[in-house]
>>> print(open('query-v3.cif').read())   # mmCIF, C-alpha atoms
data_final
#
loop_
_atom_site.label_atom_id
_atom_site.label_comp_id
_atom_site.auth_asym_id
_atom_site.auth_seq_id
_atom_site.Cartn_x
_atom_site.Cartn_y
_atom_site.Cartn_z
CA MET F 1 -4.76 -5.39 -4.34
CA GLU F 2 -2.46 -2.80 -5.95
CA SER F 3 -4.29 0.46 -6.76
CA GLU F 4 -3.67 4.18 -6.50
CA ALA F 5 -6.18 4.51 -3.66
CA GLU F 6 -4.58 1.63 -1.79
CA ALA F 7 -1.16 3.17 -2.35
CA ARG F 8 -2.40 6.40 -0.74
CA ARG F 9 -3.73 4.41 2.22
CA LEU F 10 -0.37 2.70 2.69
CA ILE F 11 1.43 6.04 2.60
CA GLU F 12 -0.83 7.38 5.34
CA GLN F 13 -0.34 4.18 7.34
CA ALA F 14 3.44 4.50 7.08
CA ARG F 15 3.30 8.14 8.15
CA ALA F 16 1.07 7.34 11.12
CA LEU F 17 3.39 4.69 12.59
CA PRO F 18 6.07 6.22 14.85
CA VAL F 19 8.82 4.21 13.17
CA ARG F 20 11.88 6.12 14.41
CA PRO F 21 11.89 4.56 17.91
CA HIS F 22 11.70 1.06 16.37
CA LEU F 23 14.62 1.78 14.04
CA LEU F 24 16.82 3.24 16.76
CA SER F 25 16.02 0.57 19.34
CA THR F 26 16.97 -2.21 16.90
CA GLY F 27 20.44 -0.92 16.15
CA LEU F 28 20.23 1.63 13.34
CA GLN F 29 23.17 4.06 13.57
CA PRO F 30 24.63 6.96 11.56
CA GLY F 31 26.90 5.91 8.71
CA MET F 32 25.30 2.51 8.15
CA ARG F 33 24.53 0.91 4.79
CA VAL F 34 20.83 0.04 4.91
CA LEU F 35 18.43 -2.00 2.77
CA ASP F 36 14.76 -0.98 2.83
CA ALA F 37 13.18 -4.17 1.46
CA GLY F 38 9.78 -3.45 -0.04
CA CYS F 39 10.26 0.30 0.24
CA GLY F 40 6.98 1.26 -1.44
CA PRO F 41 6.65 5.03 -1.91
CA GLY F 42 9.73 5.76 0.19
CA VAL F 43 8.21 7.19 3.37
CA VAL F 44 10.32 5.01 5.67
CA THR F 45 13.26 5.16 3.25
CA SER F 46 13.45 8.90 3.83
CA ILE F 47 13.44 8.37 7.60
CA LEU F 48 16.18 5.75 7.32
CA ALA F 49 18.24 8.20 5.25
CA GLU F 50 17.74 10.94 7.81
CA LEU F 51 18.90 8.65 10.62
CA VAL F 52 21.99 7.24 8.87
CA GLY F 53 22.94 10.74 7.74
CA PRO F 54 25.09 11.83 4.81
CA THR F 55 27.80 9.28 5.58
CA GLY F 56 25.34 6.40 5.31
CA LYS F 57 23.60 4.85 2.33
CA VAL F 58 20.06 3.53 1.91
CA THR F 59 19.00 1.21 -0.91
CA GLY F 60 15.26 0.92 -1.45
CA VAL F 61 14.00 -2.17 -3.28
CA ASP F 62 10.46 -2.66 -4.57
CA LEU F 63 8.88 -4.74 -7.32
CA HIS F 64 6.39 -2.09 -8.46
CA ALA F 65 7.66 0.64 -10.80
CA PRO F 66 4.99 3.23 -9.82
CA ARG F 67 5.91 2.90 -6.13
CA LEU F 68 9.60 3.29 -6.97
CA ALA F 69 8.85 6.45 -8.94
CA GLU F 70 7.10 7.84 -5.88
CA ALA F 71 10.01 6.77 -3.67
CA ARG F 72 12.51 8.56 -5.90
CA ALA F 73 10.38 11.71 -5.70
CA THR F 74 10.02 11.42 -1.93
CA CYS F 75 13.78 11.05 -1.48
CA ALA F 76 14.91 13.38 -4.29
CA ALA F 77 16.81 15.65 -1.90
CA LEU F 78 18.58 12.76 -0.15
CA SER F 79 21.72 11.85 -2.08
CA GLN F 80 22.33 8.82 0.15
CA CYS F 81 19.20 7.09 -1.24
CA HIS F 82 19.32 4.71 -4.19
CA PHE F 83 16.57 2.52 -5.62
CA LEU F 84 16.31 -0.82 -7.39
CA GLN F 85 13.32 -2.55 -8.98
CA ALA F 86 13.50 -6.17 -7.86
CA ASP F 87 11.75 -8.92 -5.95
CA ILE F 88 12.92 -8.76 -2.33
CA ARG F 89 13.25 -12.56 -2.41
CA SER F 90 15.89 -12.32 -5.16
CA THR F 91 17.47 -8.88 -5.38
CA ASP F 92 20.74 -9.73 -7.19
CA LEU F 93 22.45 -7.35 -4.77
CA PRO F 94 25.94 -8.40 -3.68
CA GLY F 95 26.16 -10.50 -0.53
CA ASP F 96 27.55 -9.28 2.81
CA THR F 97 26.70 -5.66 1.93
CA PHE F 98 24.30 -4.15 4.48
CA ASP F 99 24.70 -3.28 8.14
CA TYR F 100 20.94 -3.12 8.62
CA VAL F 101 18.02 -4.64 6.67
CA TRP F 102 14.52 -3.26 7.31
CA CYS F 103 11.23 -4.70 6.01
CA GLN F 104 7.77 -3.44 6.99
CA TYR F 105 4.29 -4.70 6.01
CA VAL F 106 5.59 -6.91 3.20
CA LEU F 107 6.01 -10.49 4.42
CA GLU F 108 2.29 -10.77 5.13
CA TYR F 109 1.76 -10.74 1.34
CA LEU F 110 4.32 -13.42 0.47
CA PRO F 111 3.51 -17.13 0.13
CA ASP F 112 7.14 -17.90 1.01
CA PRO F 113 8.41 -15.39 3.61
CA GLU F 114 11.31 -17.72 4.41
CA ARG F 115 12.76 -16.93 0.96
CA ALA F 116 12.75 -13.23 1.77
CA LEU F 117 14.48 -13.86 5.09
CA ALA F 118 17.11 -16.00 3.36
CA GLU F 119 17.79 -13.11 0.97
CA PHE F 120 17.98 -10.60 3.83
CA LEU F 121 20.49 -12.85 5.56
CA ARG F 122 22.53 -13.22 2.37
CA VAL F 123 22.87 -9.49 1.73
CA ALA F 124 23.53 -8.56 5.37
CA LYS F 125 27.12 -8.21 6.52
CA PRO F 126 28.41 -10.56 9.21
CA GLY F 127 27.22 -8.89 12.40
CA GLY F 128 24.53 -6.98 10.46
CA ARG F 129 20.97 -6.73 11.71
CA VAL F 130 17.75 -7.90 10.04
CA VAL F 131 14.55 -6.28 11.31
CA VAL F 132 10.99 -7.06 10.17
CA ALA F 133 7.87 -5.22 11.34
CA ASP F 134 4.51 -6.78 10.51
CA VAL F 135 0.98 -7.23 11.76
CA ASP F 136 -0.32 -9.92 14.08
CA GLY F 137 -4.05 -9.96 13.60
CA LEU F 138 -6.01 -7.00 12.31
CA GLY F 139 -9.34 -5.65 13.48
CA HIS F 140 -10.36 -8.54 15.75
CA LEU F 141 -9.27 -7.12 19.13
CA ASN F 142 -12.35 -5.20 20.23
CA TRP F 143 -14.44 -4.97 23.39
CA PRO F 144 -17.36 -4.98 23.60
CA CYS F 145 -18.13 -6.49 20.21
CA PRO F 146 -21.49 -7.89 19.01
CA PRO F 147 -21.33 -11.67 18.33
CA GLU F 148 -22.40 -11.23 14.69
CA LEU F 149 -19.56 -8.77 14.15
CA GLU F 150 -17.07 -11.17 15.75
CA GLU F 151 -18.24 -13.86 13.33
CA GLY F 152 -17.96 -11.40 10.45
CA MET F 153 -14.38 -10.62 11.43
CA ARG F 154 -13.54 -14.34 11.55
CA THR F 155 -14.90 -14.60 8.00
CA PHE F 156 -12.77 -11.57 7.07
CA HIS F 157 -9.59 -13.23 8.34
CA ARG F 158 -10.38 -16.55 6.62
CA ALA F 159 -11.13 -14.82 3.31
CA VAL F 160 -8.00 -12.66 3.50
CA LYS F 161 -5.93 -15.77 4.13
CA ASP F 162 -7.54 -17.49 1.14
CA ALA F 163 -6.61 -14.41 -0.93
CA GLY F 164 -2.95 -14.94 -0.03
CA VAL F 165 -2.45 -12.49 2.85
CA ASP F 166 -1.25 -13.75 6.24
CA LEU F 167 -2.54 -11.34 8.88
CA HIS F 168 -0.87 -13.45 11.57
CA ILE F 169 2.64 -13.36 10.09
CA GLY F 170 3.87 -11.31 13.06
CA ARG F 171 3.70 -14.21 15.52
CA LYS F 172 5.53 -16.49 13.08
CA LEU F 173 8.57 -14.27 12.59
CA PHE F 174 10.48 -15.39 15.70
CA HIS F 175 10.39 -19.01 14.52
CA LEU F 176 11.21 -18.02 10.93
CA PHE F 177 14.19 -15.93 12.08
CA ARG F 178 15.50 -18.83 14.16
CA GLN F 179 15.03 -21.29 11.31
CA ALA F 180 16.87 -18.92 8.95
CA GLY F 181 19.90 -18.98 11.24
CA LEU F 182 19.69 -15.46 12.65
CA GLN F 183 21.21 -14.99 16.09
CA GLU F 184 20.07 -13.06 19.19
CA VAL F 185 16.49 -12.95 17.93
CA ARG F 186 14.27 -10.57 19.90
CA VAL F 187 10.65 -9.51 19.49
CA HIS F 188 9.10 -6.16 20.39
CA LEU F 189 5.35 -5.56 20.62
CA ALA F 190 3.82 -2.19 19.73
CA PRO F 191 0.32 -0.96 18.91
CA LEU F 192 -0.34 -0.70 15.20
CA TRP F 193 -3.23 1.45 16.34
CA MET F 194 -5.32 1.71 19.50
CA VAL F 195 -8.60 3.55 19.98
CA ALA F 196 -10.22 3.94 23.38
CA GLY F 197 -13.49 5.52 22.30
CA ALA F 198 -14.42 6.88 18.88
CA ALA F 199 -11.87 6.54 16.07
CA ASP F 200 -10.60 9.64 14.31
CA ALA F 201 -11.23 10.47 10.67
CA ARG F 202 -7.84 9.10 9.54
CA LEU F 203 -8.45 5.61 10.93
CA LEU F 204 -12.01 5.49 9.62
CA SER F 205 -10.76 6.50 6.18
CA ASP F 206 -8.03 3.84 6.40
CA TRP F 207 -10.58 1.10 7.06
CA ARG F 208 -13.03 2.35 4.43
CA GLN F 209 -10.30 2.25 1.80
CA ARG F 210 -9.12 -1.18 2.98
CA PHE F 211 -12.66 -2.57 2.79
CA GLU F 212 -13.20 -1.07 -0.69
CA THR F 213 -9.91 -2.48 -2.00
CA LEU F 214 -10.65 -5.94 -0.64
CA GLU F 215 -14.30 -6.16 -1.74
CA PRO F 216 -13.75 -8.03 -5.04
CA ALA F 217 -11.70 -10.70 -3.26
CA LEU F 218 -13.69 -10.98 -0.02
CA ALA F 219 -17.35 -10.37 -0.88
CA PRO F 220 -17.93 -13.97 -2.10
CA ALA F 221 -16.99 -15.27 1.36
CA TYR F 222 -19.96 -13.31 2.78
CA GLY F 223 -22.35 -14.50 0.09
CA GLY F 224 -22.19 -11.33 -1.98
CA ALA F 225 -21.49 -7.62 -1.99
CA ALA F 226 -24.54 -6.61 0.08
CA ALA F 227 -23.63 -8.86 3.02
CA TYR F 228 -19.98 -7.85 2.82
CA GLN F 229 -20.87 -4.16 2.83
CA ALA F 230 -23.20 -4.70 5.79
CA PHE F 231 -20.30 -6.26 7.72
CA CYS F 232 -18.03 -3.34 6.77
CA GLU F 233 -20.56 -0.76 7.93
CA GLY F 234 -20.98 -2.67 11.19
CA TYR F 235 -17.25 -2.58 11.83
CA LEU F 236 -17.06 1.14 11.02
CA ARG F 237 -19.85 1.73 13.54
CA LEU F 238 -17.84 -0.19 16.14
CA LEU F 239 -14.79 1.98 15.40
CA SER F 240 -16.99 5.03 16.03
CA ASP F 241 -18.41 3.67 19.31
CA PRO F 242 -17.30 6.00 22.15
CA ASP F 243 -17.66 3.19 24.71
CA ALA F 244 -15.58 0.49 22.97
CA LEU F 245 -11.85 -0.31 22.90
CA LYS F 246 -10.32 -1.30 19.56
CA TYR F 247 -6.68 -2.10 18.83
CA SER F 248 -4.33 -3.99 16.52
CA VAL F 249 -0.80 -5.22 17.20
CA LEU F 250 2.53 -4.78 15.42
CA LEU F 251 5.41 -7.18 16.12
CA ILE F 252 8.96 -6.04 15.36
CA THR F 253 11.40 -8.95 15.15
CA GLU F 254 15.15 -8.42 15.00
CA GLY F 255 18.12 -10.74 14.62
CA GLN F 256 21.81 -10.65 13.81
CA LYS F 257 23.78 -12.41 11.11
CA ARG F 258 26.52 -14.59 12.52
#
>>> encode(input="query-v3.cif", output="structure tokens")
Amino acid sequence: MESEAEARRLIEQARALPVRPHLLSTGLQPGMRVLDAGCGPGVVTSILAELVGPTGKVTGVDLHAPRLAEARATCAALSQCHFLQADIRSTDLPGDTFDYVWCQYVLEYLPDPERALAEFLRVAKPGGRVVVADVDGLGHLNWPCPPELEEGMRTFHRAVKDAGVDLHIGRKLFHLFRQAGLQEVRVHLAPLWMVAGAADARLLSDWRQRFETLEPALAPAYGGAAAYQAFCEGYLRLLSDPDALKYSVLLITEGQKR
């Protein structure tokens, strides 16, 4: 699902989420050493660097070289930012290093999110915080919604799961944090997006790009491209409905290393 168009969509998604309140409310402070696990093009990395200030340090880790190149460009003026190409499940970073570990929109793509959490716990300092923000459902919270569109969205979720993406990872994080041994685990709920009435151009573009990126993987679940595209157009019409409510949920889970 990696493509330039999808990368642009993810950048816009990161910019649209008001991430600063989530970072500050989960313990981020000036002067901290921070890991941005799965940093992508560095949008949130730059915000982390701004918040920790010149006395802090932010290490961005991502597996994809093109995303890291973008991250380095995004953060070029921030001397407290450093980047490493690595799998977030096995970074080879020294243990007990970071005051704060942040991960956003990554665990949903992993078949073994518990491995990532184990690595976050390993590299966090004693007393350090681990914070993961991820989706819990996507696109299925709508009212009113035609029955055929509801069934189409159920097919969407099943097909995405079969393609290796867990759109319900958010609700599982509390249990995963507890099983990993993190302490004082808390969960915060926030809207990923909410539209009372017609969606704006940015959200419509976000969904169009998402549908286009996913078509090769998901169209067979609908019986072919034509049926898949008909479902997509139906959902875009729902997003544009001035009389309907549409929303998706983000869960931010935080815990502390003993």
>>> residues_around(input="query-v3.cif", residues="stretch 19-24 of chain F", least_positions_apart="4", cutoff="9 Å", atoms="all atoms listed in the file", output="PyMOL selection string")
chain F and resi 14-15+28-29+44+47-48+51+102+131+133+188+252
>>> residues_around(input="query-v3.cif", residues="F:Ala86", least_positions_apart="6", cutoff="8 Å", atoms="all atoms listed in the file", output="list in words")
Val61, Asp62 and Leu63 of chain F
>>> residues_around(input="query-v3.cif", residues="stretch 30-33 of chain F", least_positions_apart="3", cutoff="10 Å", atoms="all atoms listed in the file", output="VMD selection string")
chain F and resid 27 48 to 59 80 97 to 101 124 to 125 128
>>> residues_around(input="query-v3.cif", residues="stretch 147-155 of chain F", least_positions_apart="5", cutoff="12 Å", atoms="only C-alpha atoms", output="ChimeraX atom specification")
/F:137-142,160-162,167,211,218-223,227-239
>>> write_last_selection(input="query-v3.cif", atoms="C-alpha atoms", output="tab-separated table (two decimals), keeping the file's coordinate frame")
chain	number	residue	atom	x	y	z
F	137	GLY	CA	-4.05	-9.96	13.60
F	138	LEU	CA	-6.01	-7.00	12.31
F	139	GLY	CA	-9.34	-5.65	13.48
F	140	HIS	CA	-10.36	-8.54	15.75
F	141	LEU	CA	-9.27	-7.12	19.13
F	142	ASN	CA	-12.35	-5.20	20.23
F	160	VAL	CA	-8.00	-12.66	3.50
F	161	LYS	CA	-5.93	-15.77	4.13
F	162	ASP	CA	-7.54	-17.49	1.14
F	167	LEU	CA	-2.54	-11.34	8.88
F	211	PHE	CA	-12.66	-2.57	2.79
F	218	LEU	CA	-13.69	-10.98	-0.02
F	219	ALA	CA	-17.35	-10.37	-0.88
F	220	PRO	CA	-17.93	-13.97	-2.10
F	221	ALA	CA	-16.99	-15.27	1.36
F	222	TYR	CA	-19.96	-13.31	2.78
F	223	GLY	CA	-22.35	-14.50	0.09
F	227	ALA	CA	-23.63	-8.86	3.02
F	228	TYR	CA	-19.98	-7.85	2.82
F	229	GLN	CA	-20.87	-4.16	2.83
F	230	ALA	CA	-23.20	-4.70	5.79
F	231	PHE	CA	-20.30	-6.26	7.72
F	232	CYS	CA	-18.03	-3.34	6.77
F	233	GLU	CA	-20.56	-0.76	7.93
F	234	GLY	CA	-20.98	-2.67	11.19
F	235	TYR	CA	-17.25	-2.58	11.83
F	236	LEU	CA	-17.06	1.14	11.02
F	237	ARG	CA	-19.85	1.73	13.54
F	238	LEU	CA	-17.84	-0.19	16.14
F	239	LEU	CA	-14.79	1.98	15.40
>>> residues_around(input="query-v3.cif", residues="stretch 194-196 of chain F", least_positions_apart="3", cutoff="12 Å", atoms="all atoms listed in the file", output="list in words")
Ala16, Leu17, Leu138, Gly139, Leu141, Asn142, Trp143, Pro144, Ala190, Pro191, Ala199, Asp200, Ala201, Arg202, Leu203, Leu204, Leu238, Leu239, Ser240, Asp241, Pro242, Asp243, Ala244, Leu245, Lys246, Tyr247, Ser248, Val249 and Leu250 of chain F
>>> closest_residue(input="query-v3.cif", among="F:Asp166, F:Asp134, F:Glu254, F:Asp36", to="F:Leu192", atoms="all atoms listed in the file")
F:Asp134
>>> closest_residue(input="query-v3.cif", among="F:Ala163, F:Thr26, F:Asp92, F:Gln179", to="F:Leu110", atoms="all atoms listed in the file")
F:Ala163
>>> atom_distance(input="query-v3.cif", atom1="atom CA of F:Val187", atom2="atom CA of F:Gln256")
12.6 Å
>>> axis_aligned_box(input="query-v3.cif", around="stretch 209-221 of chain F", padding_each_side="8 Å", output="JSON")
{"center_x": -13.5, "center_y": -6.5, "center_z": -1.0, "size_x": 24.8, "size_y": 33.5, "size_z": 24.0}
>>> closest_residue(input="query-v3.cif", among="F:Val43, F:Arg122, F:Cys145, F:Asp87", to="F:Glu70", atoms="only C-alpha atoms")
F:Val43
>>> resolve_selection(input="query-v3.cif", expression="the PyMOL selection byres ((chain F and resi 173) around 12)", output="ChimeraX atom specification")
/F:103,107-108,113-114,116-117,130-136,166,168-172,174-180,182,185-188,250-255
>>> atom_distance(input="query-v3.cif", atom1="atom CA of F:Ala71", atom2="atom CA of F:Leu84")
10.5 Å
>>> atom_distance(input="query-v3.cif", atom1="atom CA of F:Gln85", atom2="atom CA of F:Pro111")
19.8 Å
>>> closest_residue(input="query-v3.cif", among="F:Gly181, F:Arg89, F:Thr45, F:Gly38", to="F:Ala65", atoms="all atoms listed in the file")
F:Gly38
>>> decode(input="query-v3.cif", residues="stretch 215-240 of chain F", atoms="N, CA and C atoms", output="CSV table (one decimal), in the first residue's frame")
chain,number,residue,atom,x,y,z
F,215,GLU,N,-7.8,-0.4,-3.9
F,215,GLU,CA,-8.6,-1.1,-4.9
F,215,GLU,C,-7.9,-2.4,-5.3
F,216,PRO,N,-6.6,-2.5,-5.6
F,216,PRO,CA,-6.1,-3.8,-6.0
F,216,PRO,C,-6.3,-4.9,-5.0
F,217,ALA,N,-6.2,-4.5,-3.7
F,217,ALA,CA,-6.3,-5.5,-2.6
F,217,ALA,C,-7.8,-5.8,-2.3
F,218,LEU,N,-8.7,-4.9,-2.4
F,218,LEU,CA,-10.0,-5.0,-1.9
F,218,LEU,C,-11.1,-5.4,-3.0
F,219,ALA,N,-10.8,-5.0,-4.2
F,219,ALA,CA,-11.9,-5.2,-5.2
F,219,ALA,C,-12.3,-6.6,-5.4
F,220,PRO,N,-11.4,-7.6,-5.3
F,220,PRO,CA,-11.9,-9.0,-5.3
F,220,PRO,C,-13.0,-9.4,-4.3
F,221,ALA,N,-12.9,-8.8,-3.1
F,221,ALA,CA,-13.9,-9.1,-2.1
F,221,ALA,C,-15.3,-8.6,-2.5
F,222,TYR,N,-15.4,-7.7,-3.4
F,222,TYR,CA,-16.7,-7.1,-3.9
F,222,TYR,C,-17.1,-7.8,-5.2
F,223,GLY,N,-16.3,-8.7,-5.7
F,223,GLY,CA,-16.6,-9.4,-6.9
F,223,GLY,C,-16.0,-8.7,-8.2
F,224,GLY,N,-15.2,-7.7,-8.0
F,224,GLY,CA,-14.6,-7.0,-9.1
F,224,GLY,C,-14.5,-5.5,-8.9
F,225,ALA,N,-13.8,-4.9,-9.8
F,225,ALA,CA,-13.6,-3.4,-9.7
F,225,ALA,C,-14.8,-2.6,-9.8
F,226,ALA,N,-15.8,-3.0,-10.7
F,226,ALA,CA,-17.0,-2.2,-10.9
F,226,ALA,C,-17.8,-2.2,-9.6
F,227,ALA,N,-18.0,-3.3,-8.9
F,227,ALA,CA,-18.8,-3.3,-7.7
F,227,ALA,C,-18.0,-2.6,-6.6
F,228,TYR,N,-16.7,-2.7,-6.5
F,228,TYR,CA,-15.9,-2.0,-5.5
F,228,TYR,C,-16.1,-0.5,-5.7
F,229,GLN,N,-15.9,0.0,-7.0
F,229,GLN,CA,-16.0,1.4,-7.3
F,229,GLN,C,-17.4,1.9,-7.0
F,230,ALA,N,-18.5,1.1,-7.2
F,230,ALA,CA,-19.8,1.5,-6.9
F,230,ALA,C,-20.0,1.7,-5.4
F,231,PHE,N,-19.4,0.8,-4.6
F,231,PHE,CA,-19.4,1.0,-3.1
F,231,PHE,C,-18.7,2.3,-2.7
F,232,CYS,N,-17.5,2.5,-3.3
F,232,CYS,CA,-16.8,3.7,-3.0
F,232,CYS,C,-17.5,5.0,-3.3
F,233,GLU,N,-18.2,5.0,-4.5
F,233,GLU,CA,-19.0,6.2,-4.8
F,233,GLU,C,-20.1,6.4,-3.9
F,234,GLY,N,-20.7,5.3,-3.5
F,234,GLY,CA,-21.8,5.4,-2.5
F,234,GLY,C,-21.4,6.0,-1.2
F,235,TYR,N,-20.2,5.6,-0.7
F,235,TYR,CA,-19.7,6.1,0.5
F,235,TYR,C,-19.3,7.6,0.4
F,236,LEU,N,-18.8,8.0,-0.7
F,236,LEU,CA,-18.5,9.4,-1.0
F,236,LEU,C,-19.7,10.2,-1.0
F,237,ARG,N,-20.8,9.7,-1.6
F,237,ARG,CA,-22.1,10.4,-1.5
F,237,ARG,C,-22.6,10.6,-0.1
F,238,LEU,N,-22.4,9.5,0.7
F,238,LEU,CA,-22.8,9.6,2.1
F,238,LEU,C,-22.0,10.7,2.8
F,239,LEU,N,-20.7,10.8,2.6
F,239,LEU,CA,-19.9,11.8,3.2
F,239,LEU,C,-20.4,13.2,2.8
F,240,SER,N,-20.9,13.3,1.6
F,240,SER,CA,-21.4,14.6,1.1
F,240,SER,C,-22.8,14.9,1.5
